[in-house]
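**Q** final-v2.txt is reproduced below (compact mmCIF, N, CA and C atoms).
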# COMPACT_ATOMS: atom_id res chain seq x y z
N MET Y 90 11.98 -11.71 -8.04
CA MET Y 90 13.04 -10.73 -8.19
C MET Y 90 12.47 -9.43 -8.71
N ARG Y 91 13.05 -8.37 -8.22
CA ARG Y 91 12.62 -7.04 -8.62
C ARG Y 91 13.33 -6.65 -9.90
N ASN Y 92 12.57 -6.16 -10.86
CA ASN Y 92 13.11 -5.73 -12.13
C ASN Y 92 13.42 -4.24 -12.05
N SER Y 93 14.68 -3.88 -12.00
CA SER Y 93 15.09 -2.49 -11.86
C SER Y 93 14.83 -1.71 -13.14
N ASN Y 94 14.64 -0.44 -12.98
CA ASN Y 94 14.47 0.43 -14.14
C ASN Y 94 15.51 1.55 -14.12
N LYS Y 95 16.69 1.25 -13.54
CA LYS Y 95 17.77 2.22 -13.50
C LYS Y 95 18.72 1.95 -14.65
N TRP Y 96 19.00 2.97 -15.43
CA TRP Y 96 19.88 2.85 -16.59
C TRP Y 96 20.89 3.98 -16.58
N TRP Y 97 22.01 3.78 -17.24
CA TRP Y 97 22.96 4.86 -17.50
C TRP Y 97 23.20 4.92 -19.00
N THR Y 98 23.64 6.08 -19.47
CA THR Y 98 23.93 6.26 -20.89
C THR Y 98 25.30 6.88 -21.03
N PHE Y 99 26.06 6.39 -22.00
CA PHE Y 99 27.43 6.85 -22.20
C PHE Y 99 27.74 6.88 -23.70
N PRO Y 100 28.27 8.00 -24.21
CA PRO Y 100 28.67 8.06 -25.63
C PRO Y 100 30.08 7.49 -25.78
N ALA Y 101 30.19 6.30 -26.32
CA ALA Y 101 31.49 5.64 -26.49
C ALA Y 101 31.98 5.79 -27.93
N ASP Y 102 33.26 5.56 -28.13
CA ASP Y 102 33.83 5.56 -29.47
C ASP Y 102 33.65 4.18 -30.08
N GLY Y 103 32.98 4.11 -31.23
CA GLY Y 103 32.78 2.84 -31.91
C GLY Y 103 34.04 2.41 -32.65
N GLU Y 104 34.05 1.17 -33.10
CA GLU Y 104 35.20 0.63 -33.82
C GLU Y 104 35.46 1.38 -35.13
N GLY Y 105 34.39 1.92 -35.72
CA GLY Y 105 34.53 2.66 -36.97
C GLY Y 105 34.81 4.14 -36.78
N GLY Y 106 35.01 4.58 -35.54
CA GLY Y 106 35.36 5.96 -35.26
C GLY Y 106 34.18 6.88 -35.00
N LYS Y 107 32.95 6.35 -35.11
CA LYS Y 107 31.78 7.17 -34.82
C LYS Y 107 31.26 6.83 -33.43
N THR Y 108 30.41 7.68 -32.92
CA THR Y 108 29.86 7.48 -31.58
C THR Y 108 28.87 6.32 -31.54
N VAL Y 109 28.98 5.53 -30.49
CA VAL Y 109 28.00 4.49 -30.19
C VAL Y 109 27.45 4.84 -28.81
N ILE Y 110 26.14 5.00 -28.75
CA ILE Y 110 25.49 5.29 -27.47
C ILE Y 110 25.29 3.97 -26.73
N VAL Y 111 25.90 3.86 -25.56
CA VAL Y 111 25.78 2.67 -24.72
C VAL Y 111 24.79 2.98 -23.61
N THR Y 112 23.76 2.18 -23.52
CA THR Y 112 22.78 2.31 -22.45
C THR Y 112 22.84 1.03 -21.63
N GLY Y 113 23.27 1.17 -20.39
CA GLY Y 113 23.43 0.00 -19.53
C GLY Y 113 22.44 0.00 -18.39
N ARG Y 114 22.09 -1.18 -17.96
CA ARG Y 114 21.12 -1.32 -16.88
C ARG Y 114 21.86 -1.49 -15.57
N ASP Y 115 21.41 -0.76 -14.58
CA ASP Y 115 22.03 -0.78 -13.26
C ASP Y 115 21.10 -1.48 -12.27
N ASP Y 116 21.64 -1.79 -11.12
CA ASP Y 116 20.84 -2.35 -10.02
C ASP Y 116 20.19 -3.67 -10.40
N ILE Y 117 20.96 -4.56 -11.03
CA ILE Y 117 20.43 -5.87 -11.41
C ILE Y 117 21.26 -7.00 -10.80
N ASP Y 118 21.96 -6.70 -9.71
CA ASP Y 118 22.81 -7.71 -9.09
C ASP Y 118 22.04 -8.96 -8.68
N GLN Y 119 20.76 -8.82 -8.33
CA GLN Y 119 19.99 -9.99 -7.91
C GLN Y 119 19.87 -11.02 -9.04
N PHE Y 120 19.80 -10.57 -10.28
CA PHE Y 120 19.77 -11.49 -11.42
C PHE Y 120 21.14 -12.15 -11.60
N ARG Y 121 22.15 -11.33 -11.56
CA ARG Y 121 23.52 -11.79 -11.76
C ARG Y 121 23.94 -12.77 -10.67
N GLU Y 122 23.66 -12.43 -9.44
CA GLU Y 122 24.10 -13.25 -8.31
C GLU Y 122 23.27 -14.52 -8.12
N SER Y 123 22.11 -14.60 -8.76
CA SER Y 123 21.27 -15.79 -8.62
C SER Y 123 21.93 -17.03 -9.23
N GLY Y 124 22.82 -16.82 -10.21
CA GLY Y 124 23.47 -17.93 -10.89
C GLY Y 124 22.58 -18.62 -11.90
N LYS Y 125 21.37 -18.12 -12.10
CA LYS Y 125 20.40 -18.74 -13.01
C LYS Y 125 20.46 -18.17 -14.42
N TYR Y 126 20.91 -16.96 -14.57
CA TYR Y 126 20.91 -16.28 -15.86
C TYR Y 126 22.28 -16.48 -16.51
N ILE Y 127 22.46 -17.64 -17.12
CA ILE Y 127 23.80 -18.05 -17.57
C ILE Y 127 24.03 -17.86 -19.07
N TYR Y 128 22.99 -17.55 -19.81
CA TYR Y 128 23.13 -17.38 -21.26
C TYR Y 128 23.03 -15.91 -21.62
N ARG Y 129 23.97 -15.47 -22.47
CA ARG Y 129 23.91 -14.10 -22.99
C ARG Y 129 23.37 -14.18 -24.41
N ILE Y 130 22.42 -13.33 -24.69
CA ILE Y 130 21.83 -13.26 -26.03
C ILE Y 130 22.05 -11.86 -26.58
N ASN Y 131 22.62 -11.79 -27.77
CA ASN Y 131 22.80 -10.52 -28.47
C ASN Y 131 21.83 -10.51 -29.65
N VAL Y 132 21.01 -9.48 -29.70
CA VAL Y 132 20.07 -9.30 -30.80
C VAL Y 132 20.53 -8.05 -31.54
N SER Y 133 20.86 -8.21 -32.83
CA SER Y 133 21.44 -7.11 -33.60
C SER Y 133 20.57 -6.76 -34.80
N TRP Y 134 20.51 -5.47 -35.09
CA TRP Y 134 19.79 -4.95 -36.25
C TRP Y 134 20.71 -3.98 -36.96
N ASN Y 135 21.11 -4.30 -38.17
CA ASN Y 135 21.88 -3.38 -39.00
C ASN Y 135 20.89 -2.50 -39.76
N TYR Y 136 20.85 -1.23 -39.39
CA TYR Y 136 19.88 -0.29 -39.96
C TYR Y 136 20.56 0.66 -40.94
N ASN Y 137 19.75 1.34 -41.75
CA ASN Y 137 20.26 2.38 -42.64
C ASN Y 137 20.54 3.61 -41.79
N SER Y 138 21.80 4.01 -41.75
CA SER Y 138 22.17 5.07 -40.83
C SER Y 138 22.32 6.43 -41.51
N LEU Y 139 22.21 7.45 -40.69
CA LEU Y 139 22.53 8.80 -41.12
C LEU Y 139 24.05 8.90 -41.22
N SER Y 140 24.57 10.01 -41.68
CA SER Y 140 26.03 10.15 -41.86
C SER Y 140 26.80 10.01 -40.55
N ASN Y 141 26.14 10.29 -39.42
CA ASN Y 141 26.81 10.17 -38.12
C ASN Y 141 26.71 8.76 -37.54
N GLY Y 142 26.08 7.84 -38.27
CA GLY Y 142 25.96 6.46 -37.82
C GLY Y 142 24.72 6.17 -37.01
N MET Y 143 23.93 7.20 -36.72
CA MET Y 143 22.72 7.03 -35.92
C MET Y 143 21.53 6.71 -36.83
N PRO Y 144 20.47 6.13 -36.26
CA PRO Y 144 19.30 5.77 -37.07
C PRO Y 144 18.48 6.98 -37.48
N GLU Y 145 17.74 6.81 -38.57
CA GLU Y 145 16.77 7.83 -38.98
C GLU Y 145 15.63 7.83 -37.96
N ASP Y 146 14.81 8.88 -37.97
CA ASP Y 146 13.74 9.02 -36.98
C ASP Y 146 12.78 7.84 -36.96
N ALA Y 147 12.38 7.36 -38.13
CA ALA Y 147 11.41 6.26 -38.18
C ALA Y 147 12.00 4.99 -37.57
N GLU Y 148 13.25 4.69 -37.87
CA GLU Y 148 13.88 3.50 -37.30
C GLU Y 148 14.13 3.69 -35.81
N SER Y 149 14.49 4.89 -35.40
CA SER Y 149 14.69 5.17 -33.99
C SER Y 149 13.40 4.94 -33.21
N HIS Y 150 12.29 5.37 -33.77
CA HIS Y 150 10.99 5.18 -33.14
C HIS Y 150 10.66 3.69 -33.03
N LEU Y 151 10.92 2.93 -34.08
CA LEU Y 151 10.67 1.49 -34.05
C LEU Y 151 11.58 0.80 -33.02
N MET Y 152 12.80 1.26 -32.91
CA MET Y 152 13.72 0.69 -31.91
C MET Y 152 13.16 0.87 -30.50
N GLU Y 153 12.61 2.04 -30.25
CA GLU Y 153 12.03 2.29 -28.93
C GLU Y 153 10.81 1.42 -28.68
N GLN Y 154 9.99 1.22 -29.72
CA GLN Y 154 8.83 0.33 -29.58
C GLN Y 154 9.28 -1.09 -29.26
N ILE Y 155 10.32 -1.55 -29.95
CA ILE Y 155 10.86 -2.89 -29.71
C ILE Y 155 11.37 -3.00 -28.28
N THR Y 156 12.14 -2.02 -27.87
CA THR Y 156 12.69 -2.03 -26.52
C THR Y 156 11.58 -2.06 -25.48
N ASP Y 157 10.59 -1.20 -25.64
CA ASP Y 157 9.47 -1.15 -24.69
C ASP Y 157 8.71 -2.47 -24.65
N SER Y 158 8.45 -3.05 -25.81
CA SER Y 158 7.72 -4.33 -25.88
C SER Y 158 8.50 -5.44 -25.19
N LEU Y 159 9.79 -5.47 -25.42
CA LEU Y 159 10.62 -6.50 -24.80
C LEU Y 159 10.70 -6.31 -23.28
N LEU Y 160 10.88 -5.08 -22.84
CA LEU Y 160 10.94 -4.83 -21.40
C LEU Y 160 9.63 -5.22 -20.70
N MET Y 161 8.51 -4.90 -21.34
CA MET Y 161 7.22 -5.24 -20.77
C MET Y 161 7.05 -6.77 -20.68
N ALA Y 162 7.41 -7.46 -21.75
CA ALA Y 162 7.27 -8.92 -21.77
C ALA Y 162 8.18 -9.57 -20.73
N LEU Y 163 9.39 -9.06 -20.58
CA LEU Y 163 10.33 -9.65 -19.64
C LEU Y 163 10.00 -9.30 -18.19
N LYS Y 164 9.28 -8.21 -18.00
CA LYS Y 164 8.85 -7.86 -16.64
C LYS Y 164 7.82 -8.89 -16.15
N LYS Y 165 6.97 -9.34 -17.06
CA LYS Y 165 5.95 -10.34 -16.72
C LYS Y 165 6.57 -11.71 -16.51
N ASP Y 166 7.41 -12.11 -17.43
CA ASP Y 166 8.01 -13.45 -17.43
C ASP Y 166 9.52 -13.27 -17.29
N GLN Y 167 10.04 -13.40 -16.10
CA GLN Y 167 11.44 -13.07 -15.84
C GLN Y 167 12.41 -14.16 -16.26
N VAL Y 168 12.21 -14.65 -17.48
CA VAL Y 168 13.13 -15.64 -18.03
C VAL Y 168 14.45 -14.98 -18.42
N ALA Y 169 14.43 -13.66 -18.58
CA ALA Y 169 15.63 -12.93 -19.00
C ALA Y 169 15.58 -11.50 -18.48
N VAL Y 170 16.74 -10.85 -18.54
CA VAL Y 170 16.84 -9.44 -18.18
C VAL Y 170 17.65 -8.75 -19.27
N MET Y 171 17.12 -7.60 -19.75
CA MET Y 171 17.86 -6.79 -20.72
C MET Y 171 18.91 -6.02 -19.93
N THR Y 172 20.18 -6.14 -20.35
CA THR Y 172 21.25 -5.50 -19.59
C THR Y 172 21.92 -4.35 -20.33
N GLY Y 173 21.80 -4.32 -21.66
CA GLY Y 173 22.46 -3.26 -22.39
C GLY Y 173 21.87 -3.04 -23.76
N ILE Y 174 22.05 -1.80 -24.24
CA ILE Y 174 21.61 -1.42 -25.58
C ILE Y 174 22.74 -0.58 -26.18
N TYR Y 175 23.14 -0.94 -27.39
CA TYR Y 175 24.19 -0.20 -28.09
C TYR Y 175 23.58 0.33 -29.39
N THR Y 176 23.76 1.62 -29.65
CA THR Y 176 23.21 2.21 -30.88
C THR Y 176 24.26 3.11 -31.52
N GLY Y 177 24.60 2.80 -32.77
CA GLY Y 177 25.54 3.64 -33.51
C GLY Y 177 26.25 2.85 -34.58
N GLU Y 178 26.88 3.57 -35.47
CA GLU Y 178 27.62 2.98 -36.58
C GLU Y 178 26.74 2.03 -37.40
N GLY Y 179 25.44 2.39 -37.53
CA GLY Y 179 24.53 1.62 -38.36
C GLY Y 179 24.03 0.32 -37.74
N ARG Y 180 24.13 0.22 -36.42
CA ARG Y 180 23.74 -1.03 -35.78
C ARG Y 180 23.14 -0.78 -34.39
N ARG Y 181 22.07 -1.52 -34.08
CA ARG Y 181 21.47 -1.51 -32.75
C ARG Y 181 21.63 -2.91 -32.19
N ASP Y 182 22.16 -3.00 -30.99
CA ASP Y 182 22.29 -4.28 -30.28
C ASP Y 182 21.55 -4.20 -28.96
N TRP Y 183 20.75 -5.22 -28.71
CA TRP Y 183 20.13 -5.40 -27.41
C TRP Y 183 20.82 -6.61 -26.77
N VAL Y 184 21.20 -6.51 -25.50
CA VAL Y 184 21.87 -7.61 -24.83
C VAL Y 184 21.00 -8.07 -23.66
N PHE Y 185 20.85 -9.39 -23.58
CA PHE Y 185 20.04 -10.01 -22.54
C PHE Y 185 20.84 -11.11 -21.87
N TYR Y 186 20.50 -11.38 -20.61
CA TYR Y 186 20.96 -12.59 -19.94
C TYR Y 186 19.71 -13.38 -19.60
N CYS Y 187 19.74 -14.68 -19.87
CA CYS Y 187 18.53 -15.47 -19.67
C CYS Y 187 18.83 -16.81 -19.01
N LYS Y 188 17.74 -17.41 -18.50
CA LYS Y 188 17.80 -18.71 -17.83
C LYS Y 188 17.62 -19.86 -18.81
N ASN Y 189 16.71 -19.68 -19.77
CA ASN Y 189 16.30 -20.77 -20.64
C ASN Y 189 16.12 -20.22 -22.06
N LEU Y 190 16.90 -20.72 -22.99
CA LEU Y 190 16.88 -20.18 -24.36
C LEU Y 190 15.55 -20.43 -25.07
N ALA Y 191 14.96 -21.60 -24.89
CA ALA Y 191 13.70 -21.91 -25.58
C ALA Y 191 12.57 -21.03 -25.08
N ILE Y 192 12.50 -20.81 -23.78
CA ILE Y 192 11.44 -19.95 -23.24
C ILE Y 192 11.69 -18.50 -23.64
N PHE Y 193 12.95 -18.08 -23.61
CA PHE Y 193 13.27 -16.72 -24.07
C PHE Y 193 12.79 -16.52 -25.50
N ASN Y 194 13.03 -17.50 -26.36
CA ASN Y 194 12.62 -17.41 -27.76
C ASN Y 194 11.11 -17.18 -27.87
N LYS Y 195 10.33 -17.91 -27.10
CA LYS Y 195 8.86 -17.75 -27.14
C LYS Y 195 8.45 -16.37 -26.65
N VAL Y 196 9.02 -15.92 -25.53
CA VAL Y 196 8.68 -14.60 -24.98
C VAL Y 196 9.11 -13.50 -25.95
N PHE Y 197 10.28 -13.63 -26.54
CA PHE Y 197 10.81 -12.65 -27.48
C PHE Y 197 9.89 -12.52 -28.70
N ASN Y 198 9.53 -13.65 -29.29
CA ASN Y 198 8.66 -13.63 -30.47
C ASN Y 198 7.28 -13.08 -30.16
N ARG Y 199 6.74 -13.44 -29.01
CA ARG Y 199 5.43 -12.93 -28.61
C ARG Y 199 5.49 -11.41 -28.40
N ALA Y 200 6.58 -10.91 -27.83
CA ALA Y 200 6.72 -9.47 -27.57
C ALA Y 200 6.75 -8.66 -28.86
N LEU Y 201 7.28 -9.26 -29.93
CA LEU Y 201 7.45 -8.50 -31.17
C LEU Y 201 6.42 -8.82 -32.24
N GLU Y 202 5.48 -9.71 -31.96
CA GLU Y 202 4.56 -10.18 -33.00
C GLU Y 202 3.70 -9.09 -33.63
N ASP Y 203 3.41 -8.01 -32.92
CA ASP Y 203 2.57 -6.94 -33.47
C ASP Y 203 3.37 -5.82 -34.13
N LEU Y 204 4.67 -5.96 -34.16
CA LEU Y 204 5.53 -4.92 -34.74
C LEU Y 204 5.98 -5.34 -36.14
N PRO Y 205 6.40 -4.39 -36.97
CA PRO Y 205 6.88 -4.74 -38.31
C PRO Y 205 8.07 -5.70 -38.24
N THR Y 206 8.17 -6.54 -39.23
CA THR Y 206 9.28 -7.48 -39.31
C THR Y 206 10.55 -6.74 -39.70
N ILE Y 207 11.62 -6.98 -38.96
CA ILE Y 207 12.92 -6.39 -39.29
C ILE Y 207 13.97 -7.50 -39.30
N PRO Y 208 15.05 -7.30 -40.03
CA PRO Y 208 16.09 -8.34 -40.10
C PRO Y 208 16.97 -8.32 -38.85
N LEU Y 209 16.76 -9.29 -37.98
CA LEU Y 209 17.53 -9.39 -36.75
C LEU Y 209 18.49 -10.57 -36.81
N LEU Y 210 19.66 -10.38 -36.25
CA LEU Y 210 20.61 -11.46 -36.06
C LEU Y 210 20.62 -11.75 -34.56
N ILE Y 211 20.36 -13.00 -34.19
CA ILE Y 211 20.29 -13.37 -32.78
C ILE Y 211 21.35 -14.42 -32.51
N GLU Y 212 22.21 -14.12 -31.54
CA GLU Y 212 23.27 -15.03 -31.15
C GLU Y 212 23.20 -15.26 -29.66
N ALA Y 213 23.44 -16.50 -29.24
CA ALA Y 213 23.42 -16.83 -27.81
C ALA Y 213 24.66 -17.63 -27.46
N GLU Y 214 25.16 -17.38 -26.27
CA GLU Y 214 26.27 -18.18 -25.77
C GLU Y 214 26.23 -18.18 -24.25
N GLU Y 215 26.90 -19.16 -23.69
CA GLU Y 215 26.96 -19.23 -22.23
C GLU Y 215 27.91 -18.16 -21.73
N ASP Y 216 27.50 -17.44 -20.71
CA ASP Y 216 28.31 -16.39 -20.09
C ASP Y 216 27.94 -16.34 -18.61
N LYS Y 217 28.27 -17.40 -17.88
CA LYS Y 217 27.90 -17.53 -16.47
C LYS Y 217 28.44 -16.39 -15.61
N ASP Y 218 29.60 -15.85 -16.01
CA ASP Y 218 30.25 -14.81 -15.21
C ASP Y 218 29.87 -13.40 -15.64
N TRP Y 219 28.95 -13.29 -16.60
CA TRP Y 219 28.48 -11.99 -17.08
C TRP Y 219 29.65 -11.12 -17.54
N GLU Y 220 30.55 -11.72 -18.32
CA GLU Y 220 31.74 -10.99 -18.76
C GLU Y 220 31.41 -9.77 -19.62
N GLU Y 221 30.44 -9.91 -20.54
CA GLU Y 221 30.08 -8.77 -21.40
C GLU Y 221 29.54 -7.63 -20.56
N TYR Y 222 28.65 -7.95 -19.63
CA TYR Y 222 28.06 -6.91 -18.77
C TYR Y 222 29.15 -6.24 -17.93
N SER Y 223 30.04 -7.03 -17.35
CA SER Y 223 31.10 -6.48 -16.51
C SER Y 223 31.98 -5.52 -17.30
N GLN Y 224 32.34 -5.92 -18.53
CA GLN Y 224 33.17 -5.06 -19.37
C GLN Y 224 32.45 -3.77 -19.74
N MET Y 225 31.17 -3.89 -20.13
CA MET Y 225 30.39 -2.71 -20.49
C MET Y 225 30.32 -1.75 -19.30
N LYS Y 226 30.02 -2.28 -18.13
CA LYS Y 226 29.87 -1.43 -16.94
C LYS Y 226 31.20 -0.78 -16.57
N GLU Y 227 32.28 -1.55 -16.64
CA GLU Y 227 33.60 -1.02 -16.30
C GLU Y 227 33.99 0.13 -17.22
N GLU Y 228 33.67 0.00 -18.51
CA GLU Y 228 34.09 0.99 -19.50
C GLU Y 228 33.16 2.19 -19.65
N THR Y 229 31.88 2.04 -19.25
CA THR Y 229 30.93 3.11 -19.57
C THR Y 229 30.08 3.59 -18.39
N TYR Y 230 30.20 2.99 -17.22
CA TYR Y 230 29.28 3.29 -16.13
C TYR Y 230 29.29 4.75 -15.71
N VAL Y 231 28.11 5.31 -15.60
CA VAL Y 231 27.92 6.67 -15.11
C VAL Y 231 26.94 6.57 -13.95
N PRO Y 232 27.41 6.84 -12.72
CA PRO Y 232 26.52 6.70 -11.56
C PRO Y 232 25.34 7.67 -11.63
N ASP Y 233 24.25 7.22 -11.04
CA ASP Y 233 23.06 8.06 -10.93
C ASP Y 233 23.42 9.27 -10.09
N GLU Y 234 22.94 10.44 -10.49
CA GLU Y 234 23.27 11.68 -9.76
C GLU Y 234 22.80 11.66 -8.32
N GLU Y 235 21.82 10.81 -8.01
CA GLU Y 235 21.29 10.73 -6.65
C GLU Y 235 22.21 9.93 -5.73
N GLU Y 236 23.15 9.18 -6.31
CA GLU Y 236 24.04 8.35 -5.49
C GLU Y 236 25.08 9.16 -4.80
Would you mind giving the structure from this file in structure tokens?

**A**
Amino acid sequence: MRNSNKWWTFPADGEGGKTVIVTGRDDIDQFRESGKYIYRINVSWNYNSLSNGMPEDAESHLMEQITDSLLMALKKDQVAVMTGIYTGEGRRDWVFYCKNLAIFNKVFNRALEDLPTIPLLIEAEEDKDWEEYSQMKEETYVPDEEE
């Protein structure tokens, strides 16, 4: 399967009234339609936020390192696909859909082993119909200008 690198970004209103930047992945229907990626994993980091709810520069930089490391690891071993990133109101969430939770755990830990330890909350549940992704896309999708 081809790992797309098309993303959209949308400034949404968070539950606390501040902006949450939603970054969604586009052009991943082959993963969704395969029927193999049935588990949704949410990885959350509650960070010290600025007054607007966004991360400080150092944490923002670390978030990008984490994202890049995870994308690189998942490109090699397609046990999962990152579908969304939410940043704001003092929290960063990465959302993945995966085939196998145990293998995802190994790939995830290996991807982050050289980075500083941060307090992450990881939750997984079955989501065969990709309900979270569908809702995110419906509410925030911004088509590529080339379309």

**Q** I'd like to know which residues of stretch 151-226 of chain Y are strand (DSSP E or B) (by DSSP, run on the backbone); could you write them as a list in words?

**A**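 Those residues are Ala169, Val170, Met171, Thr172, Gly173, Ile174, Tyr175, Thr176, Gly177, Arg180, Arg181, Asp182, Trp183, Val184, Phe185, Tyr186, Cys187, Leu210, Ile211, Glu212, Ala213, Glu214 and Glu215 of chain Y.
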
**Q** Need the shell around Y:Tyr186: protein/DNA/RNA residues with any atom at most 6 Å away, counting all atoms listed in the file. Skip same-chain ones fewer than 3 positions apart. Format as a list in words?

**A**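 Near Y:Tyr186, the qualifying residues are Tyr126, Ile127, Tyr128, Arg129, Ile130, Val168, Ala169, Val170, Met171 and Thr172 of chain Y.
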
**Q** With only N, CA and C atoms counted and 7 Å as the cut-off, give the residues of stretch 125-178 of chain Y in contact with stretch 196-199 of chain Y, each with its shortest interatomic distance in Å and the pair that gives it, as a tab-separated table.

**A**
residue	atom	partner	partner_atom	distance
Y:Leu159	CA	Y:Phe197	CA	6.7
Y:Ala162	CA	Y:Val196	C	6.5
Y:Leu163	N	Y:Val196	C	7.0

**Q** What does the distance from atom C of Y:Pro144 to atom C of Y:Asn131 come to in Å, to one decimal?

**A**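 Atom C of Y:Asn131 lies 19.5 Å from atom C of Y:Pro144.
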
**Q** Determine the nearest neighbour of Y:Gly106 from the options Y:Glu227, Y:Glu212, Y:Glu178, Y:Asp146, counting all atoms listed in the file.

**A**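 Going through Y:Glu227, Y:Glu212, Y:Glu178, Y:Asp146 one by one, the smallest distance to Y:Gly106 is for Y:Glu178.
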
**Q** Find the residue from Y:Glu202, Y:Asp166, Y:Asp216, Y:Glu153 that sits nearest to Y:Trp183; use only C-alpha atoms when measuring.

**A**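 Comparing Y:Glu202, Y:Asp166, Y:Asp216, Y:Glu153 against Y:Trp183, the winner is Y:Glu153.
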
**Q** As an exercise, work out the distance from atom CA of Y:Pro205 to atom N of Y:Ser138 in Å and give it to one decimal place.

**A**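 Interatomic distance here is 17.6 Å.
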
**Q** Have a look at atom C of Y:Val184 and atom C of Y:Glu122 and let me know their distance in Å, one decimal.

**A**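 Value for the atom C of Y:Val184-atom C of Y:Glu122 distance: 17.0 Å.
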
**Q** Can you take the partial stretch 216-228 of chain Y, add N, CA, C and O atoms, and return it as a CSV table (one decimal), keeping the file's coordinate frame?

**A**
chain,number,residue,atom,x,y,z
Y,216,ASP,N,27.5,-17.4,-20.7
Y,216,ASP,CA,28.3,-16.4,-20.1
Y,216,ASP,C,27.9,-16.3,-18.6
Y,216,ASP,O,27.3,-15.4,-18.1
Y,217,LYS,N,28.3,-17.4,-17.9
Y,217,LYS,CA,27.9,-17.5,-16.5
Y,217,LYS,C,28.4,-16.4,-15.6
Y,217,LYS,O,27.8,-16.0,-14.6
Y,218,ASP,N,29.6,-15.8,-16.0
Y,218,ASP,CA,30.2,-14.8,-15.2
Y,218,ASP,C,29.9,-13.4,-15.6
Y,218,ASP,O,30.4,-12.4,-15.1
Y,219,TRP,N,29.0,-13.3,-16.6
Y,219,TRP,CA,28.5,-12.0,-17.1
Y,219,TRP,C,29.6,-11.1,-17.5
Y,219,TRP,O,29.7,-9.9,-17.2
Y,220,GLU,N,30.6,-11.7,-18.3
Y,220,GLU,CA,31.7,-11.0,-18.8
Y,220,GLU,C,31.4,-9.8,-19.6
Y,220,GLU,O,32.0,-8.7,-19.5
Y,221,GLU,N,30.4,-9.9,-20.5
Y,221,GLU,CA,30.1,-8.8,-21.4
Y,221,GLU,C,29.5,-7.6,-20.6
Y,221,GLU,O,29.9,-6.5,-20.7
Y,222,TYR,N,28.6,-8.0,-19.6
Y,222,TYR,CA,28.1,-6.9,-18.8
Y,222,TYR,C,29.2,-6.2,-17.9
Y,222,TYR,O,29.2,-5.0,-17.8
Y,223,SER,N,30.0,-7.0,-17.4
Y,223,SER,CA,31.1,-6.5,-16.5
Y,223,SER,C,32.0,-5.5,-17.3
Y,223,SER,O,32.3,-4.4,-16.8
Y,224,GLN,N,32.3,-5.9,-18.5
Y,224,GLN,CA,33.2,-5.1,-19.4
Y,224,GLN,C,32.4,-3.8,-19.7
Y,224,GLN,O,33.0,-2.7,-19.7
Y,225,MET,N,31.2,-3.9,-20.1
Y,225,MET,CA,30.4,-2.7,-20.5
Y,225,MET,C,30.3,-1.8,-19.3
Y,225,MET,O,30.5,-0.5,-19.4
Y,226,LYS,N,30.0,-2.3,-18.1
Y,226,LYS,CA,29.9,-1.4,-16.9
Y,226,LYS,C,31.2,-0.8,-16.6
Y,226,LYS,O,31.3,0.4,-16.3
Y,227,GLU,N,32.3,-1.6,-16.6
Y,227,GLU,CA,33.6,-1.0,-16.3
Y,227,GLU,C,34.0,0.1,-17.2
Y,227,GLU,O,34.6,1.1,-16.8
Y,228,GLU,N,33.7,0.0,-18.5
Y,228,GLU,CA,34.1,1.0,-19.5
Y,228,GLU,C,33.2,2.2,-19.6
Y,228,GLU,O,33.6,3.2,-20.1
